[in-house]
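Everything below belongs to work.tsv, which stores TSV, C-alpha atoms and all ligand atoms.
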```
chain	number	residue	atom	x	y	z
G	1	MET	CA	88.57	67.97	80.08
G	2	LYS	CA	86.83	64.61	79.91
G	3	LYS	CA	88.85	61.60	78.83
G	4	THR	CA	87.59	59.07	76.27
G	5	ALA	CA	87.55	55.28	76.43
G	6	LEU	CA	87.26	53.05	73.37
G	7	ILE	CA	85.79	49.65	74.20
G	8	THR	CA	85.65	46.83	71.66
G	9	GLY	CA	83.03	44.12	72.09
G	10	ALA	CA	80.83	46.61	73.92
G	11	SER	CA	77.51	45.03	72.88
G	12	SER	CA	77.63	42.14	75.36
G	13	GLY	CA	79.27	40.58	78.44
G	14	PHE	CA	82.36	42.28	79.88
G	15	GLY	CA	82.22	45.08	77.29
G	16	VAL	CA	78.83	46.37	78.52
G	17	GLU	CA	80.08	46.41	82.11
G	18	PHE	CA	83.33	48.18	81.18
G	19	ALA	CA	81.29	50.84	79.38
G	20	LYS	CA	79.19	51.49	82.50
G	21	LEU	CA	82.29	51.70	84.73
G	22	PHE	CA	84.01	54.28	82.51
G	23	ALA	CA	80.79	56.30	82.21
G	24	LYS	CA	80.28	56.26	86.00
G	25	ASP	CA	83.72	57.92	86.28
G	26	GLN	CA	82.57	60.58	83.78
G	27	HIS	CA	84.65	59.41	80.81
G	28	ASN	CA	83.23	59.74	77.29
G	29	LEU	CA	82.87	56.51	75.33
G	30	VAL	CA	83.41	55.01	71.91
G	31	LEU	CA	81.56	51.69	71.74
G	32	VAL	CA	82.55	49.21	69.02
G	33	ALA	CA	81.00	45.87	67.99
G	34	ARG	CA	78.94	44.53	65.08
G	35	SER	CA	75.47	44.70	66.73
G	36	ASN	CA	74.39	48.28	66.08
G	37	ASP	CA	71.00	47.92	67.87
G	38	LYS	CA	72.58	46.65	71.10
G	39	LEU	CA	75.21	49.40	71.03
G	40	GLN	CA	72.60	52.11	70.39
G	41	SER	CA	70.42	50.98	73.27
G	42	LEU	CA	73.43	50.81	75.62
G	43	ALA	CA	74.49	54.28	74.46
G	44	LYS	CA	70.99	55.62	75.21
G	45	GLU	CA	70.94	54.05	78.67
G	46	ILE	CA	74.41	55.40	79.50
G	47	THR	CA	73.86	58.95	78.24
G	48	GLN	CA	70.63	59.20	80.24
G	49	GLN	CA	72.20	57.86	83.42
G	50	TYR	CA	75.67	59.45	83.36
G	51	GLN	CA	75.51	62.49	81.01
G	52	VAL	CA	78.65	61.54	79.06
G	53	GLU	CA	79.12	61.54	75.29
G	54	VAL	CA	78.84	58.15	73.62
G	55	LEU	CA	79.82	57.42	70.03
G	56	VAL	CA	78.67	54.11	68.53
G	57	MET	CA	80.74	52.46	65.81
G	58	SER	CA	79.23	49.38	64.25
G	59	LYS	CA	82.24	47.51	62.86
G	60	ASP	CA	83.32	43.96	62.13
G	61	LEU	CA	86.76	43.97	63.71
G	62	SER	CA	87.82	40.74	62.03
G	63	ASP	CA	88.07	42.89	58.88
G	64	MET	CA	91.28	44.97	59.02
G	65	THR	CA	89.85	47.67	56.73
G	66	GLN	CA	87.12	48.27	59.31
G	67	VAL	CA	89.71	48.24	62.12
G	68	GLN	CA	91.66	50.97	60.32
G	69	SER	CA	88.42	52.92	59.75
G	70	VAL	CA	87.81	53.06	63.53
G	71	TYR	CA	91.08	54.95	63.91
G	72	ASP	CA	90.61	57.13	60.80
G	73	GLU	CA	87.05	58.16	61.70
G	74	LEU	CA	88.08	59.14	65.24
G	75	LYS	CA	91.03	61.15	63.89
G	76	ALA	CA	88.70	62.97	61.48
G	77	LYS	CA	86.46	63.87	64.44
G	78	ASN	CA	89.46	64.97	66.56
G	79	ILE	CA	88.61	62.43	69.25
G	80	ASN	CA	91.64	61.33	71.28
G	81	ILE	CA	91.54	57.92	72.93
G	82	ASP	CA	92.89	57.84	76.49
G	83	PHE	CA	91.73	54.33	77.41
G	84	LEU	CA	91.72	51.44	74.95
G	85	VAL	CA	89.90	48.29	76.05
G	86	ASN	CA	90.73	45.50	73.61
G	87	ASN	CA	87.94	43.18	74.71
G	88	ALA	CA	86.20	41.77	71.58
G	89	GLY	CA	86.96	38.10	71.09
G	90	PHE	CA	85.46	34.65	70.83
G	91	GLY	CA	86.38	30.96	71.12
G	92	ASP	CA	85.37	27.70	69.49
G	93	PHE	CA	85.02	24.34	71.26
G	94	GLY	CA	86.12	21.19	69.39
G	95	ASN	CA	89.13	19.49	67.87
G	96	PHE	CA	91.42	21.65	65.74
G	97	ASP	CA	91.14	19.53	62.57
G	98	GLU	CA	87.34	19.31	62.77
G	99	ALA	CA	86.76	23.07	63.10
G	100	GLU	CA	85.56	25.26	60.24
G	101	TRP	CA	88.58	27.07	58.80
G	102	SER	CA	86.60	30.29	58.28
G	103	LYS	CA	85.74	30.40	62.00
G	104	LEU	CA	89.34	29.80	63.08
G	105	GLU	CA	90.56	32.47	60.68
G	106	GLN	CA	87.99	34.96	61.95
G	107	MET	CA	89.08	34.17	65.53
G	108	ILE	CA	92.74	34.82	64.74
G	109	ASP	CA	91.81	38.02	62.89
G	110	LEU	CA	89.66	39.30	65.77
G	111	ASN	CA	91.49	38.03	68.87
G	112	ILE	CA	95.01	38.73	67.55
G	113	LYS	CA	95.15	40.93	64.47
G	114	SER	CA	92.56	43.57	65.34
G	115	LEU	CA	93.79	43.80	68.96
G	116	THR	CA	97.37	44.25	67.74
G	117	LYS	CA	96.44	46.80	65.11
G	118	LEU	CA	94.29	48.90	67.45
G	119	SER	CA	97.06	48.87	70.06
G	120	TYR	CA	99.62	49.81	67.40
G	121	LEU	CA	97.54	52.73	66.07
G	122	PHE	CA	96.42	54.23	69.37
G	123	VAL	CA	99.57	53.70	71.44
G	124	GLN	CA	101.53	56.13	69.25
G	125	ASP	CA	99.11	58.99	70.00
G	126	MET	CA	98.97	58.04	73.68
G	127	LYS	CA	102.76	58.14	73.89
G	128	LYS	CA	102.87	61.58	72.26
G	129	ARG	CA	100.34	62.89	74.78
G	130	GLY	CA	102.14	61.18	77.70
G	131	PHE	CA	99.00	59.41	78.93
G	132	GLY	CA	97.18	56.22	78.06
G	133	LYS	CA	95.82	53.03	79.56
G	134	ILE	CA	95.41	49.90	77.48
G	135	LEU	CA	93.46	46.94	78.83
G	136	HIS	CA	93.85	43.66	76.98
G	137	VAL	CA	91.22	41.06	77.79
G	138	ALA	CA	93.24	37.83	77.61
G	139	SER	CA	92.13	34.78	79.64
G	140	THR	CA	93.41	32.11	82.00
G	141	ALA	CA	93.64	30.23	78.67
G	142	ALA	CA	96.75	32.33	77.99
G	143	PHE	CA	98.91	30.40	80.46
G	144	GLN	CA	98.93	26.97	78.78
G	145	PRO	CA	97.97	25.11	75.59
G	146	GLY	CA	94.27	24.15	75.35
G	147	PRO	CA	93.35	20.88	73.68
G	148	THR	CA	89.76	21.09	72.29
G	149	MET	CA	90.14	24.89	72.08
G	150	ALA	CA	93.63	24.93	70.62
G	151	VAL	CA	93.43	28.10	68.53
G	152	TYR	CA	91.55	30.09	71.18
G	153	TYR	CA	94.14	29.32	73.89
G	154	ALA	CA	96.94	30.15	71.47
G	155	THR	CA	95.35	33.51	70.58
G	156	LYS	CA	95.15	34.42	74.26
G	157	ALA	CA	98.81	33.44	74.84
G	158	PHE	CA	99.65	35.89	72.04
G	159	VAL	CA	97.60	38.63	73.71
G	160	LEU	CA	99.32	38.08	77.06
G	161	PHE	CA	102.84	38.05	75.62
G	162	LEU	CA	102.21	41.08	73.42
G	163	GLY	CA	100.78	43.04	76.34
G	164	GLU	CA	103.62	42.18	78.71
G	165	ALA	CA	106.29	43.13	76.16
G	166	MET	CA	104.49	46.37	75.25
G	167	SER	CA	104.23	47.29	78.91
G	168	ASN	CA	107.99	46.91	79.35
G	169	GLU	CA	108.75	49.02	76.29
G	170	LEU	CA	106.32	51.72	77.43
G	171	ALA	CA	107.79	52.14	80.93
G	172	LYS	CA	108.08	55.84	81.89
G	173	THR	CA	106.01	57.04	78.91
G	174	GLY	CA	102.79	57.52	80.88
G	175	VAL	CA	101.17	54.66	78.97
G	176	THR	CA	100.38	51.39	80.77
G	177	VAL	CA	99.21	48.01	79.50
G	178	THR	CA	97.19	45.67	81.71
G	179	ASN	CA	96.39	42.06	80.78
G	180	LEU	CA	93.16	40.86	82.34
G	181	CYS	CA	93.06	37.05	82.49
G	182	PRO	CA	89.63	35.84	83.65
G	183	GLY	CA	88.59	32.21	84.00
G	184	PRO	CA	85.11	31.19	82.81
G	185	ALA	CA	82.50	33.89	83.51
G	186	ALA	CA	78.79	34.22	82.72
G	187	THR	CA	78.61	36.08	79.37
G	188	GLY	CA	77.65	35.33	75.78
G	189	PHE	CA	81.07	33.65	75.40
G	190	GLN	CA	79.92	30.09	76.22
G	191	ALA	CA	77.15	30.11	73.59
G	192	ALA	CA	79.42	31.66	70.95
G	193	ALA	CA	82.10	29.03	71.67
G	194	ASP	CA	79.61	26.13	71.82
G	195	LEU	CA	81.02	25.37	75.29
G	196	GLY	CA	77.78	24.48	77.09
G	197	GLU	CA	78.59	20.76	77.50
G	198	SER	CA	82.23	21.22	78.52
G	199	LYS	CA	83.11	20.36	82.13
G	200	LEU	CA	84.80	23.77	82.24
G	201	VAL	CA	81.41	25.45	82.64
G	202	LYS	CA	78.63	22.81	82.88
G	203	GLY	CA	76.78	23.01	86.23
G	204	LYS	CA	79.29	25.55	87.59
G	205	LYS	CA	78.40	28.84	89.25
G	206	LEU	CA	80.37	31.34	87.22
G	207	PRO	CA	81.34	34.89	88.27
G	208	THR	CA	79.29	37.64	86.65
G	209	ALA	CA	80.54	39.92	83.87
G	210	LYS	CA	80.18	42.86	86.27
G	211	GLU	CA	82.45	41.27	88.91
G	212	ILE	CA	85.18	40.61	86.33
G	213	ALA	CA	84.89	44.07	84.77
G	214	ILE	CA	85.15	45.83	88.16
G	215	PHE	CA	88.28	43.81	88.97
G	216	GLY	CA	89.89	44.56	85.58
G	217	TYR	CA	88.90	48.24	85.63
G	218	LYS	CA	90.49	48.81	89.05
G	219	LYS	CA	93.70	47.04	88.05
G	220	MET	CA	93.90	48.99	84.77
G	221	ASN	CA	93.57	52.27	86.65
G	222	LYS	CA	96.41	51.21	88.94
G	223	GLY	CA	98.52	50.27	85.91
G	224	SER	CA	98.95	46.64	87.04
G	225	LEU	CA	100.55	44.31	84.50
G	226	THR	CA	98.92	40.85	84.40
G	227	VAL	CA	95.95	40.22	86.63
G	228	VAL	CA	93.90	37.08	87.27
G	229	PRO	CA	90.51	37.38	89.03
G	230	GLY	CA	89.64	34.57	91.47
G	231	PHE	CA	92.05	33.02	93.97
G	232	MET	CA	92.05	29.51	92.45
G	233	ASN	CA	92.50	30.88	88.92
G	234	TRP	CA	95.49	32.83	90.19
G	235	VAL	CA	96.96	29.75	91.96
G	236	ASN	CA	96.53	27.62	88.82
G	237	ALA	CA	98.11	30.24	86.56
G	238	PHE	CA	101.08	30.44	88.91
G	239	ALA	CA	101.48	26.69	89.67
G	240	ILE	CA	101.36	25.64	86.03
G	241	ARG	CA	104.86	27.07	85.48
G	242	PHE	CA	106.35	24.36	87.70
G	243	LEU	CA	104.56	21.34	86.21
G	244	PRO	CA	105.79	19.15	83.32
G	245	ARG	CA	104.15	20.32	80.06
G	246	GLY	CA	102.81	16.81	79.28
G	247	LEU	CA	101.00	16.76	82.62
G	248	VAL	CA	99.58	20.24	82.05
G	249	LEU	CA	98.16	19.12	78.69
G	250	LYS	CA	96.45	16.11	80.31
G	251	MET	CA	95.02	18.28	83.09
G	252	VAL	CA	93.64	20.88	80.69
G	253	ARG	CA	92.16	18.16	78.48
G	254	SER	CA	90.35	16.62	81.43
G	255	VAL	CA	88.75	19.90	82.53
G	256	GLN	CA	87.84	20.90	78.99
G	257	ASP	CA	86.22	17.63	77.88
G	258	LYS	CA	82.47	16.98	77.86
L	301	LIG	N1	83.31	34.84	79.42
L	301	LIG	C1	84.36	34.09	79.62
L	301	LIG	O1	84.27	32.96	80.15
L	301	LIG	C2	85.73	34.62	79.25
L	301	LIG	C3	86.84	34.16	79.98
L	301	LIG	C4	88.09	34.68	79.64
L	301	LIG	C5	88.23	35.61	78.63
L	301	LIG	N2	87.11	36.02	77.93
L	301	LIG	C6	87.30	37.02	76.87
L	301	LIG	O2	86.51	38.14	77.19
L	301	LIG	C7	86.29	38.90	76.01
L	301	LIG	C8	84.85	39.37	75.97
L	301	LIG	O3	84.00	38.26	75.83
L	301	LIG	P1	82.68	38.06	76.69
L	301	LIG	O4	82.97	36.97	77.65
L	301	LIG	O5	82.16	39.33	77.19
L	301	LIG	O6	81.76	37.40	75.57
L	301	LIG	P2	80.49	37.95	74.76
L	301	LIG	O7	79.40	38.27	75.71
L	301	LIG	O8	80.24	36.90	73.72
L	301	LIG	O9	81.01	39.29	74.07
L	301	LIG	C9	81.88	39.28	72.96
L	301	LIG	C10	81.88	40.67	72.34
L	301	LIG	O10	82.76	40.66	71.22
L	301	LIG	C11	82.08	41.24	70.11
L	301	LIG	N3	82.52	40.68	68.84
L	301	LIG	C12	82.51	39.39	68.45
L	301	LIG	N4	82.93	39.28	67.18
L	301	LIG	C13	83.19	40.54	66.74
L	301	LIG	C14	83.65	41.10	65.53
L	301	LIG	N5	83.93	40.32	64.46
L	301	LIG	N6	83.80	42.45	65.44
L	301	LIG	C15	83.52	43.25	66.49
L	301	LIG	N7	83.09	42.78	67.68
L	301	LIG	C16	82.94	41.45	67.80
L	301	LIG	C17	80.61	40.91	70.35
L	301	LIG	O11	79.77	41.85	69.70
L	301	LIG	P3	78.97	41.60	68.33
L	301	LIG	O12	78.54	40.18	68.29
L	301	LIG	O13	77.87	42.60	68.42
L	301	LIG	O14	79.96	41.96	67.26
L	301	LIG	C18	80.51	41.09	71.85
L	301	LIG	O15	80.27	42.45	72.16
L	301	LIG	C19	86.72	38.01	74.84
L	301	LIG	O16	87.96	38.44	74.36
L	301	LIG	C20	86.85	36.63	75.49
L	301	LIG	O17	87.78	35.83	74.83
L	301	LIG	C21	85.87	35.55	78.23
```
Write-out of the structure in structure tokens:
Amino acid sequence: MKKTALITGASSGFGVEFAKLFAKDQHNLVLVARSNDKLQSLAKEITQQYQVEVLVMSKDLSDMTQVQSVYDELKAKNINIDFLVNNAGFGDFGNFDEAEWSKLEQMIDLNIKSLTKLSYLFVQDMKKRGFGKILHVASTAAFQPGPTMAVYYATKAFVLFLGEAMSNELAKTGVTVTNLCPGPAATGFQAAADLGESKLVKGKKLPTAKEIAIFGYKKMNKGSLTVVPGFMNWVNAFAIRFLPRGLVLKMVRSVQDK
């Protein structure tokens, strides 16, 4: 029987590429994001190319009632989720005290609350069935504090820590949790975060969404724990543990600034 993957943030960037990778391996899909038109056209493209079943759910995942409705509607349709890709998320560039509160709150609700709730709901069914793979899209931002993107970095640290602890608790249950921690990559993320002028991305050749998704997909299938694409990203994530925290803050500030 075919397995089913639920992918959040499937209308753009990494999410689109994850959807294609699962479909290529003949898994059915549940695609979730707010942009119904984009999801419908991706669903059409995928069903034509790979002959798998694709269900589109247009939901705002920063609203916990809609998060719950994803689970309830799938239950009502008797659709079991075997792969959960918690990918939807966004950032915001600028000083903490100058940001719009509503945007920060939406970021916390989406990046943290919805990811936690979806994991909480689906992991129980996965455990009962003795199979499940959860992929959390964190970031290299998860490894240190991020002045000028303070809340975003903090949300990704939460994602990483939650995923690592869940993975330990789930040992020997047949359910794995993988934390994918990409550095900057070419997606809609930079525009959504207003990051265009930051030294982090300006004038840099960034990896494609497809390259990152292939890396994360392979690691998830292997059941790896925390994975960082790109050799230098990996070195930085590792080396940061041995540096004084004050120095780390200054370094991050200098690469983030305009
Ligand atoms: N690109 C990077 O440089 C980078 C690096 C490290 C980590 N990441 C992480 O990668 C993940 C995917 O981002 P991306 O780079 O692929 O960016 P993206 O192209 O902007 O995609 C973000 C996705 O999240 C969805 N989304 C945003 N708000 C939503 C909401 N309220 N409810 C439901 N879906 C929502 C968007 O769909 P709708 O707008 O249609 O809702 C879109 O499908 C994020 O968690 C991001 O933090 C990105």
Residues within 8 Å of ligand LIG 301 (chain L), counting all atoms listed in the file: report them as a PDB file with C-alpha atoms, in the coordinates of the input.
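Output saved as out_13.pdb:
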```pdb
ATOM      1  CA  THR G   8      85.650  46.830  71.660  1.00  0.00           C
ATOM      2  CA  GLY G   9      83.030  44.120  72.090  1.00  0.00           C
ATOM      3  CA  ALA G  10      80.830  46.610  73.920  1.00  0.00           C
ATOM      4  CA  SER G  11      77.510  45.030  72.880  1.00  0.00           C
ATOM      5  CA  SER G  12      77.630  42.140  75.360  1.00  0.00           C
ATOM      6  CA  GLY G  13      79.270  40.580  78.440  1.00  0.00           C
ATOM      7  CA  PHE G  14      82.360  42.280  79.880  1.00  0.00           C
ATOM      8  CA  GLY G  15      82.220  45.080  77.290  1.00  0.00           C
ATOM      9  CA  VAL G  16      78.830  46.370  78.520  1.00  0.00           C
ATOM     10  CA  VAL G  32      82.550  49.210  69.020  1.00  0.00           C
ATOM     11  CA  ALA G  33      81.000  45.870  67.990  1.00  0.00           C
ATOM     12  CA  ARG G  34      78.940  44.530  65.080  1.00  0.00           C
ATOM     13  CA  SER G  35      75.470  44.700  66.730  1.00  0.00           C
ATOM     14  CA  ASN G  36      74.390  48.280  66.080  1.00  0.00           C
ATOM     15  CA  LYS G  38      72.580  46.650  71.100  1.00  0.00           C
ATOM     16  CA  LEU G  39      75.210  49.400  71.030  1.00  0.00           C
ATOM     17  CA  SER G  58      79.230  49.380  64.250  1.00  0.00           C
ATOM     18  CA  LYS G  59      82.240  47.510  62.860  1.00  0.00           C
ATOM     19  CA  ASP G  60      83.320  43.960  62.130  1.00  0.00           C
ATOM     20  CA  LEU G  61      86.760  43.970  63.710  1.00  0.00           C
ATOM     21  CA  SER G  62      87.820  40.740  62.030  1.00  0.00           C
ATOM     22  CA  ASP G  63      88.070  42.890  58.880  1.00  0.00           C
ATOM     23  CA  ASN G  86      90.730  45.500  73.610  1.00  0.00           C
ATOM     24  CA  ASN G  87      87.940  43.180  74.710  1.00  0.00           C
ATOM     25  CA  ALA G  88      86.200  41.770  71.580  1.00  0.00           C
ATOM     26  CA  GLY G  89      86.960  38.100  71.090  1.00  0.00           C
ATOM     27  CA  PHE G  90      85.460  34.650  70.830  1.00  0.00           C
ATOM     28  CA  GLY G  91      86.380  30.960  71.120  1.00  0.00           C
ATOM     29  CA  GLN G 106      87.990  34.960  61.950  1.00  0.00           C
ATOM     30  CA  LEU G 110      89.660  39.300  65.770  1.00  0.00           C
ATOM     31  CA  ASN G 111      91.490  38.030  68.870  1.00  0.00           C
ATOM     32  CA  VAL G 137      91.220  41.060  77.790  1.00  0.00           C
ATOM     33  CA  ALA G 138      93.240  37.830  77.610  1.00  0.00           C
ATOM     34  CA  SER G 139      92.130  34.780  79.640  1.00  0.00           C
ATOM     35  CA  THR G 140      93.410  32.110  82.000  1.00  0.00           C
ATOM     36  CA  ALA G 141      93.640  30.230  78.670  1.00  0.00           C
ATOM     37  CA  TYR G 152      91.550  30.090  71.180  1.00  0.00           C
ATOM     38  CA  LYS G 156      95.150  34.420  74.260  1.00  0.00           C
ATOM     39  CA  CYS G 181      93.060  37.050  82.490  1.00  0.00           C
ATOM     40  CA  PRO G 182      89.630  35.840  83.650  1.00  0.00           C
ATOM     41  CA  GLY G 183      88.590  32.210  84.000  1.00  0.00           C
ATOM     42  CA  PRO G 184      85.110  31.190  82.810  1.00  0.00           C
ATOM     43  CA  ALA G 185      82.500  33.890  83.510  1.00  0.00           C
ATOM     44  CA  ALA G 186      78.790  34.220  82.720  1.00  0.00           C
ATOM     45  CA  THR G 187      78.610  36.080  79.370  1.00  0.00           C
ATOM     46  CA  GLY G 188      77.650  35.330  75.780  1.00  0.00           C
ATOM     47  CA  PHE G 189      81.070  33.650  75.400  1.00  0.00           C
ATOM     48  CA  GLN G 190      79.920  30.090  76.220  1.00  0.00           C
ATOM     49  CA  ALA G 191      77.150  30.110  73.590  1.00  0.00           C
ATOM     50  CA  ALA G 192      79.420  31.660  70.950  1.00  0.00           C
ATOM     51  CA  ALA G 209      80.540  39.920  83.870  1.00  0.00           C
TER      52      ALA G 209
END
```
Tell me, as a ChimeraX atom specification, which residues lie within 9 Å of segment 226-238 of chain G, counting only C-alpha atoms; anything in the same chain fewer than 5 positions away does not count.
/G:139-140,142-144,160,163-164,177-183,207,211-212,215-216,219
Using Å and a single decimal, report how far atom CA of Ala19 of chain G sits from atom CA of Lys117 of chain G.
21.2 Å
How far is it from atom CA of Leu115 of chain G to atom CA of Val56 of chain G, in Å with one decimal?
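Computed distance, atom CA of Leu115 of chain G to atom CA of Val56 of chain G, equals 18.3 Å.
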Counting all atoms listed in the file, figure out which residue out of G:Ser114, G:Gln26, G:Ser254, G:Ser167 gets nearest to Gly132 of chain G.
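Nearest candidate to Gly132 of chain G out of G:Ser114, G:Gln26, G:Ser254, G:Ser167: G:Ser167.
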Point out the residue among G:Ala150, G:Ile7, G:Leu200, G:Val85 with the least atom-to-atom distance to Leu249 of chain G, counting all atoms listed in the file.
G:Ala150
For Gln68 of chain G, which residue among G:Ala23, G:Leu121, G:Leu84, G:Met107 is the nearest when counting all atoms listed in the file?
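Of G:Ala23, G:Leu121, G:Leu84, G:Met107, the one nearest Gln68 of chain G is G:Leu121, counting all atoms listed in the file.
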Considering all atoms listed in the file, can you say which of G:Val255, G:Ala165, G:Val151, G:Leu21 comes closest to Lys199 of chain G?
G:Val255
Determine the nearest neighbour of Lys250 of chain G from the options G:Lys127, G:Gly146, G:Asp82, G:Gln40, counting all atoms listed in the file.
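Closest candidate: G:Gly146.
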For Ala213 of chain G, which of G:Arg253, G:Lys77, G:His136, G:Lys44 is the closest residue, counting only C-alpha atoms?
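Once distances to Ala213 of chain G are computed over only C-alpha atoms, the minimum belongs to G:His136.
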With 5 Å on each side, where is the centre of the axis-aligned box around all listed atoms of segment 58-76 of chain G, and how long are its edges in Å to one decimal, as JSON?
```
{"center_x": 85.4, "center_y": 51.9, "center_z": 61.0, "size_x": 22.4, "size_y": 32.2, "size_z": 18.5}
```
